[in-house]
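Structure file target.cif; described as mmCIF, C-alpha atoms and all ligand atoms.
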```cif
data_protein
#
loop_
_atom_site.label_atom_id
_atom_site.label_comp_id
_atom_site.auth_asym_id
_atom_site.auth_seq_id
_atom_site.Cartn_x
_atom_site.Cartn_y
_atom_site.Cartn_z
CA MET M 1 20.46 -8.61 16.95
CA GLY M 2 17.84 -10.65 15.09
CA TRP M 3 18.25 -12.69 11.95
CA MET M 4 16.71 -10.09 9.72
CA GLN M 5 19.05 -7.37 10.96
CA ASP M 6 22.02 -9.68 10.33
CA LEU M 7 20.76 -10.25 6.80
CA ILE M 8 20.41 -6.54 6.16
CA ARG M 9 23.95 -5.92 7.46
CA THR M 10 25.16 -8.60 5.06
CA LEU M 11 23.15 -7.04 2.24
CA LEU M 12 24.75 -3.64 2.92
CA SER M 13 28.21 -5.24 2.78
CA GLU M 14 27.38 -7.08 -0.43
CA LEU M 15 26.28 -3.78 -1.96
CA GLY M 16 29.76 -2.41 -1.23
CA GLU M 17 28.80 -0.41 1.84
CA ASP M 18 30.33 -0.31 5.28
CA PRO M 19 27.52 -1.30 7.66
CA ASP M 20 29.53 0.16 10.54
CA ARG M 21 29.64 3.70 9.26
CA GLU M 22 27.60 6.11 11.30
CA GLY M 23 24.74 6.68 8.87
CA LEU M 24 24.12 2.95 8.49
CA LEU M 25 24.47 1.81 12.08
CA ASN M 26 20.74 1.80 12.78
CA THR M 27 19.67 0.95 9.24
CA PRO M 28 19.21 -2.80 9.83
CA ARG M 29 16.90 -2.07 12.77
CA ARG M 30 14.95 0.51 10.74
CA VAL M 31 14.65 -1.72 7.68
CA GLU M 32 13.45 -4.62 9.80
CA LYS M 33 10.78 -2.43 11.35
CA ALA M 34 9.74 -0.96 7.99
CA MET M 35 9.56 -4.39 6.33
CA ALA M 36 7.52 -5.78 9.22
CA PHE M 37 5.00 -2.96 8.77
CA LEU M 38 4.94 -3.21 4.97
CA THR M 39 4.16 -6.93 5.17
CA SER M 40 1.87 -6.78 8.22
CA GLY M 41 -1.05 -7.84 6.03
CA TYR M 42 0.09 -11.47 6.33
CA HIS M 43 -0.89 -11.44 9.99
CA ALA M 44 -4.15 -9.54 9.68
CA ASP M 45 -7.38 -11.40 10.33
CA ILE M 46 -9.98 -10.31 7.78
CA ASP M 47 -12.89 -11.12 10.06
CA GLN M 48 -11.34 -9.05 12.79
CA VAL M 49 -10.76 -6.16 10.38
CA LEU M 50 -14.42 -6.29 9.32
CA ASN M 51 -15.65 -6.98 12.81
CA GLY M 52 -19.00 -5.39 13.48
CA ALA M 53 -19.10 -3.62 10.14
CA LEU M 54 -21.25 -5.98 8.07
CA PHE M 55 -24.83 -4.79 7.98
CA THR M 56 -28.06 -6.20 6.62
CA VAL M 57 -29.83 -3.69 4.38
CA ASP M 58 -32.65 -3.40 1.91
CA TYR M 59 -30.58 -1.64 -0.71
CA SER M 60 -29.45 -2.82 -4.09
CA GLU M 61 -27.87 0.21 -5.78
CA MET M 62 -24.19 0.29 -6.63
CA VAL M 63 -21.91 1.26 -3.72
CA ILE M 64 -18.64 2.88 -4.80
CA VAL M 65 -15.54 3.83 -2.85
CA LYS M 66 -13.13 5.70 -5.11
CA ASP M 67 -9.54 6.87 -4.91
CA ILE M 68 -8.35 4.69 -2.06
CA ASP M 69 -4.59 5.22 -1.72
CA PHE M 70 -2.59 2.03 -1.50
CA TYR M 71 1.08 1.11 -1.19
CA SER M 72 2.38 -2.37 -1.87
CA LEU M 73 5.62 -4.19 -2.63
CA CYS M 74 6.19 -6.00 -5.89
CA GLU M 75 7.13 -9.60 -5.20
CA HIS M 76 9.56 -9.73 -8.10
CA HIS M 77 11.83 -6.89 -7.01
CA LEU M 78 10.73 -6.00 -3.45
CA LEU M 79 10.21 -2.44 -4.68
CA PRO M 80 7.08 -0.37 -4.09
CA PHE M 81 4.13 -0.05 -6.38
CA PHE M 82 1.41 2.36 -5.34
CA GLY M 83 -1.58 4.28 -6.59
CA LYS M 84 -5.36 4.36 -6.36
CA CYS M 85 -7.87 1.60 -5.83
CA HIS M 86 -11.55 1.91 -6.75
CA VAL M 87 -14.08 -0.53 -5.35
CA ALA M 88 -17.73 -0.98 -6.27
CA TYR M 89 -20.32 -3.58 -5.43
CA ILE M 90 -24.04 -4.16 -5.65
CA PRO M 91 -25.36 -5.53 -2.36
CA SER M 92 -27.78 -8.42 -2.31
CA ASN M 93 -28.74 -7.91 1.33
CA ARG M 94 -25.54 -7.05 3.15
CA VAL M 95 -23.12 -4.11 3.03
CA ILE M 96 -19.66 -3.45 4.47
CA GLY M 97 -19.15 -0.26 6.51
CA LEU M 98 -17.58 2.20 4.07
CA SER M 99 -14.55 2.86 6.27
CA LYS M 100 -13.69 -0.84 6.21
CA ILE M 101 -13.08 -1.00 2.48
CA PRO M 102 -9.79 0.95 2.65
CA ARG M 103 -8.76 -1.27 5.58
CA LEU M 104 -9.38 -4.32 3.41
CA VAL M 105 -7.25 -2.77 0.66
CA ASP M 106 -4.46 -2.21 3.23
CA VAL M 107 -4.55 -5.82 4.42
CA PHE M 108 -3.87 -7.18 0.95
CA SER M 109 -1.52 -4.35 -0.08
CA ARG M 110 0.78 -4.91 2.88
CA ARG M 111 2.13 -8.14 1.47
CA LEU M 112 4.46 -9.07 -1.37
CA GLN M 113 2.18 -8.79 -4.36
CA VAL M 114 1.64 -8.60 -8.05
CA GLN M 115 -0.97 -6.02 -8.96
CA GLU M 116 -3.26 -8.50 -10.73
CA ARG M 117 -3.48 -10.79 -7.69
CA LEU M 118 -3.94 -7.88 -5.28
CA THR M 119 -6.88 -6.65 -7.36
CA ALA M 120 -8.45 -10.11 -7.48
CA GLN M 121 -8.01 -10.74 -3.74
CA ILE M 122 -9.84 -7.56 -2.80
CA ALA M 123 -12.74 -8.42 -5.11
CA GLU M 124 -12.92 -12.06 -4.02
CA THR M 125 -12.87 -11.19 -0.33
CA ILE M 126 -15.79 -8.79 -0.69
CA CYS M 127 -17.66 -11.48 -2.61
CA GLU M 128 -16.95 -14.03 0.07
CA LYS M 129 -17.93 -11.83 3.01
CA ILE M 130 -21.22 -10.29 1.83
CA SER M 131 -22.24 -12.32 -1.25
CA PRO M 132 -23.16 -9.26 -3.29
CA LEU M 133 -24.74 -9.33 -6.75
CA GLY M 134 -21.41 -8.20 -8.14
CA VAL M 135 -18.05 -6.61 -7.33
CA GLY M 136 -15.71 -4.47 -9.42
CA VAL M 137 -12.21 -3.45 -8.40
CA VAL M 138 -9.91 -1.25 -10.50
CA MET M 139 -6.35 -0.43 -9.46
CA GLU M 140 -4.04 2.11 -11.09
CA ALA M 141 -0.43 1.98 -9.97
CA THR M 142 3.07 3.23 -10.59
CA HIS M 143 5.70 0.51 -10.24
CA LEU M 144 9.05 1.79 -9.00
CA CYS M 145 10.67 -1.44 -10.19
CA MET M 146 9.80 -0.26 -13.69
CA SER M 147 10.19 3.51 -13.50
CA MET M 148 13.40 3.50 -11.40
CA ARG M 149 15.05 0.90 -13.61
CA GLY M 150 14.03 2.74 -16.76
CA VAL M 151 11.74 -0.03 -17.99
CA GLU M 152 8.57 1.07 -19.78
CA LYS M 153 8.88 4.69 -18.72
CA GLN M 154 6.09 5.71 -21.06
CA ASN M 155 3.62 3.23 -19.59
CA SER M 156 4.59 3.19 -15.96
CA CYS M 157 0.98 3.44 -14.81
CA ALA M 158 -0.51 -0.04 -14.82
CA VAL M 159 -4.25 -0.58 -14.62
CA THR M 160 -5.80 -3.84 -13.47
CA SER M 161 -9.39 -4.81 -12.88
CA ALA M 162 -11.34 -7.65 -11.34
CA MET M 163 -15.02 -7.90 -12.26
CA LEU M 164 -17.24 -10.48 -10.59
CA GLY M 165 -20.93 -11.32 -10.80
CA ALA M 166 -23.01 -8.52 -12.36
CA PHE M 167 -19.84 -6.53 -13.13
CA ARG M 168 -18.58 -9.41 -15.22
CA ASP M 169 -21.87 -10.47 -16.78
CA THR M 170 -23.58 -7.14 -17.44
CA ALA M 171 -21.83 -4.64 -19.69
CA ARG M 172 -24.13 -1.84 -18.55
CA THR M 173 -23.19 -2.33 -14.88
CA ARG M 174 -19.50 -2.46 -15.71
CA MET M 175 -19.77 0.67 -17.85
CA GLU M 176 -21.65 2.54 -15.12
CA PHE M 177 -18.76 1.82 -12.73
CA LEU M 178 -16.07 2.77 -15.24
CA GLU M 179 -17.93 5.92 -16.23
CA LEU M 180 -18.05 7.05 -12.61
CA LEU M 181 -14.32 6.48 -12.31
CA LYS M 182 -13.67 8.49 -15.43
CA LEU M 183 -15.68 11.43 -14.08
CA ALA M 184 -13.78 11.34 -10.81
CA GLY M 185 -10.16 10.79 -11.60
CA GLY M 186 -9.71 11.10 -15.33
CA THR M 187 -9.01 7.39 -15.65
CA GLY M 188 -10.41 7.38 -19.12
CA SER M 189 -8.31 4.52 -20.36
CA VAL M 190 -9.55 1.90 -17.90
CA ARG M 191 -10.65 -1.16 -19.78
CA HIS M 192 -11.38 -4.55 -18.39
CA GLY M 193 -8.38 -6.84 -18.58
CA MET M 194 -6.22 -4.45 -20.60
CA SER M 195 -3.29 -4.28 -18.36
CA ALA M 196 -1.61 -7.59 -17.73
CA THR M 197 1.27 -6.65 -19.98
CA LEU M 198 1.78 -3.29 -18.29
CA ALA M 199 2.22 -4.41 -14.71
CA CYS M 200 5.60 -5.46 -13.40
CA VAL M 201 6.87 -8.54 -15.14
CA ALA M 202 9.40 -10.88 -13.59
CA ASP M 203 11.89 -10.28 -16.35
CA GLU M 204 14.96 -11.63 -14.61
ZN ZN Q 1 8.68 -5.56 -9.89
#
```
Do you think you could lay out the structure here as structure tokens?
Amino acid sequence: MGWMQDLIRTLLSELGEDPDREGLLNTPRRVEKAMAFLTSGYHADIDQVLNGALFTVDYSEMVIVKDIDFYSLCEHHLLPFFGKCHVAYIPSNRVIGLSKIPRLVDVFSRRLQVQERLTAQIAETICEKISPLGVGVVMEATHLCMSMRGVEKQNSCAVTSAMLGAFRDTARTRMEFLELLKLAGGTGSVRHGMSATLACVADE
């Protein structure tokens, strides 16, 4: 039995459980496997993920991928936060294959995260890989560490955004992106930078 399984057995005991009762016998093995998957983004190689999917184009209109499901773990409580991610960019001369954007979101989601950093990492990586004219990323998430513990029940959906290049500098570009999101998912309240106080806070 590996170290992690030992730790989970100990955790079960500390919680007041009997790790030897039938229902819990295989729990350490299952939790180890689940945690390895949920944090597999640490071992992912971005260039390998994007391999062969960066293309040179003569196209400079906004590219948008909306409603990407994501699941992550809050680094303060090791509890899930999950929701939708919306990505937009304006190419300068390169684009990323559309199917690779959700893969990129997975790579950074499958780590211990805070929502603000996750949002920024996705935007910065796209910037780094294809040097677009601008990138916008908006994430809307429910944090179980807040809703399950009864914290901020009324505002348990946290919205974060990262706006780079034209999305930061040009209000019209930013508004075009946010308008398209509003039409799609009813995310009418998305505003740049509004949300830092809504996302999970390391309160203890
Ligand atoms: Zn948390």
Inset, instruction - Find the distance between atom CA of His76 of chain M and atom CA of Leu25 of chain M and write it in Å to one decimal. - result: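 Distance between the two atoms: 27.6 Å.
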Inset, instruction - Please check which protein, DNA or RNA residues sit within 6 Å of ligand ZN 1 (chain Q), counting all atoms listed in the file, and write them as JSON, numbers by chain. - result: {"M": [74, 76, 77, 145, 200]}
Legend entry - Shortest interatomic distance to His86 of chain M - which of M:Asn51, M:Gln113, M:Ser131, M:Thr119, counting all atoms listed in the file: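 Smallest distance to His86 of chain M is found for M:Thr119.
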Legend entry - For atom CA of Asp169 of chain M and atom CA of Val63 of chain M, the interatomic separation in Å (one decimal):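 Atom CA of Asp169 of chain M sits 17.6 Å away from atom CA of Val63 of chain M.
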Inset, instruction - Find the residue from M:Glu61, M:Lys33, M:Leu181, M:Glu14 that sits nearest to Ile90 of chain M; use only C-alpha atoms when measuring. - result: M:Glu61
Inset, instruction - List the residues sitting within 12 Å of (-19.2, -9.9, 1.8) in the file's frame, using only C-alpha atoms, as a ChimeraX atom specification. - result: /M:46-47,50-51,53-56,89-97,100-101,104,122-135
Please provide the set of residues having any atom within 10 Å of Arg29 of chain M, restricted to all atoms listed in the file, with same-chain residues fewer than 4 positions apart removed, written as a short mmCIF file (atom, residue, chain, number, x, y, z; two decimals) with C-alpha atoms, keeping the file's coordinate frame.
```
data_model
loop_
_atom_site.label_atom_id
_atom_site.label_comp_id
_atom_site.auth_asym_id
_atom_site.auth_seq_id
_atom_site.Cartn_x
_atom_site.Cartn_y
_atom_site.Cartn_z
CA MET M 1 20.46 -8.61 16.95
CA GLY M 2 17.84 -10.65 15.09
CA MET M 4 16.71 -10.09 9.72
CA GLN M 5 19.05 -7.37 10.96
CA ASP M 6 22.02 -9.68 10.33
CA ILE M 8 20.41 -6.54 6.16
CA ARG M 9 23.95 -5.92 7.46
CA LEU M 24 24.12 2.95 8.49
CA LEU M 25 24.47 1.81 12.08
CA LYS M 33 10.78 -2.43 11.35
CA ALA M 34 9.74 -0.96 7.99
#
```
Inset, instruction - Please indicate the distance in Å from atom CA of Asp45 of chain M to atom CA of Asp106 of chain M, rounded to one decimal place. - result: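 Taking atom CA of Asp45 of chain M and atom CA of Asp106 of chain M, their separation equals 12.0 Å.
Closest to Ser109 of chain M among M:Tyr71, M:Ala141, M:Leu79, M:Thr160 is M:Tyr71, based on all atoms listed in the file.
Considering the residues M:Lys66, M:Gln121, M:Val107, M:Gly165 and counting all atoms listed in the file, Lys182 of chain M has its shortest atom-to-atom contact with M:Lys66.
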Legend entry - Shortest interatomic distance to Val87 of chain M - which of M:Ser161, M:Ser72, M:Gln48, M:Asn26, counting all atoms listed in the file: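 Distance minimum relative to Val87 of chain M lands on M:Ser161.
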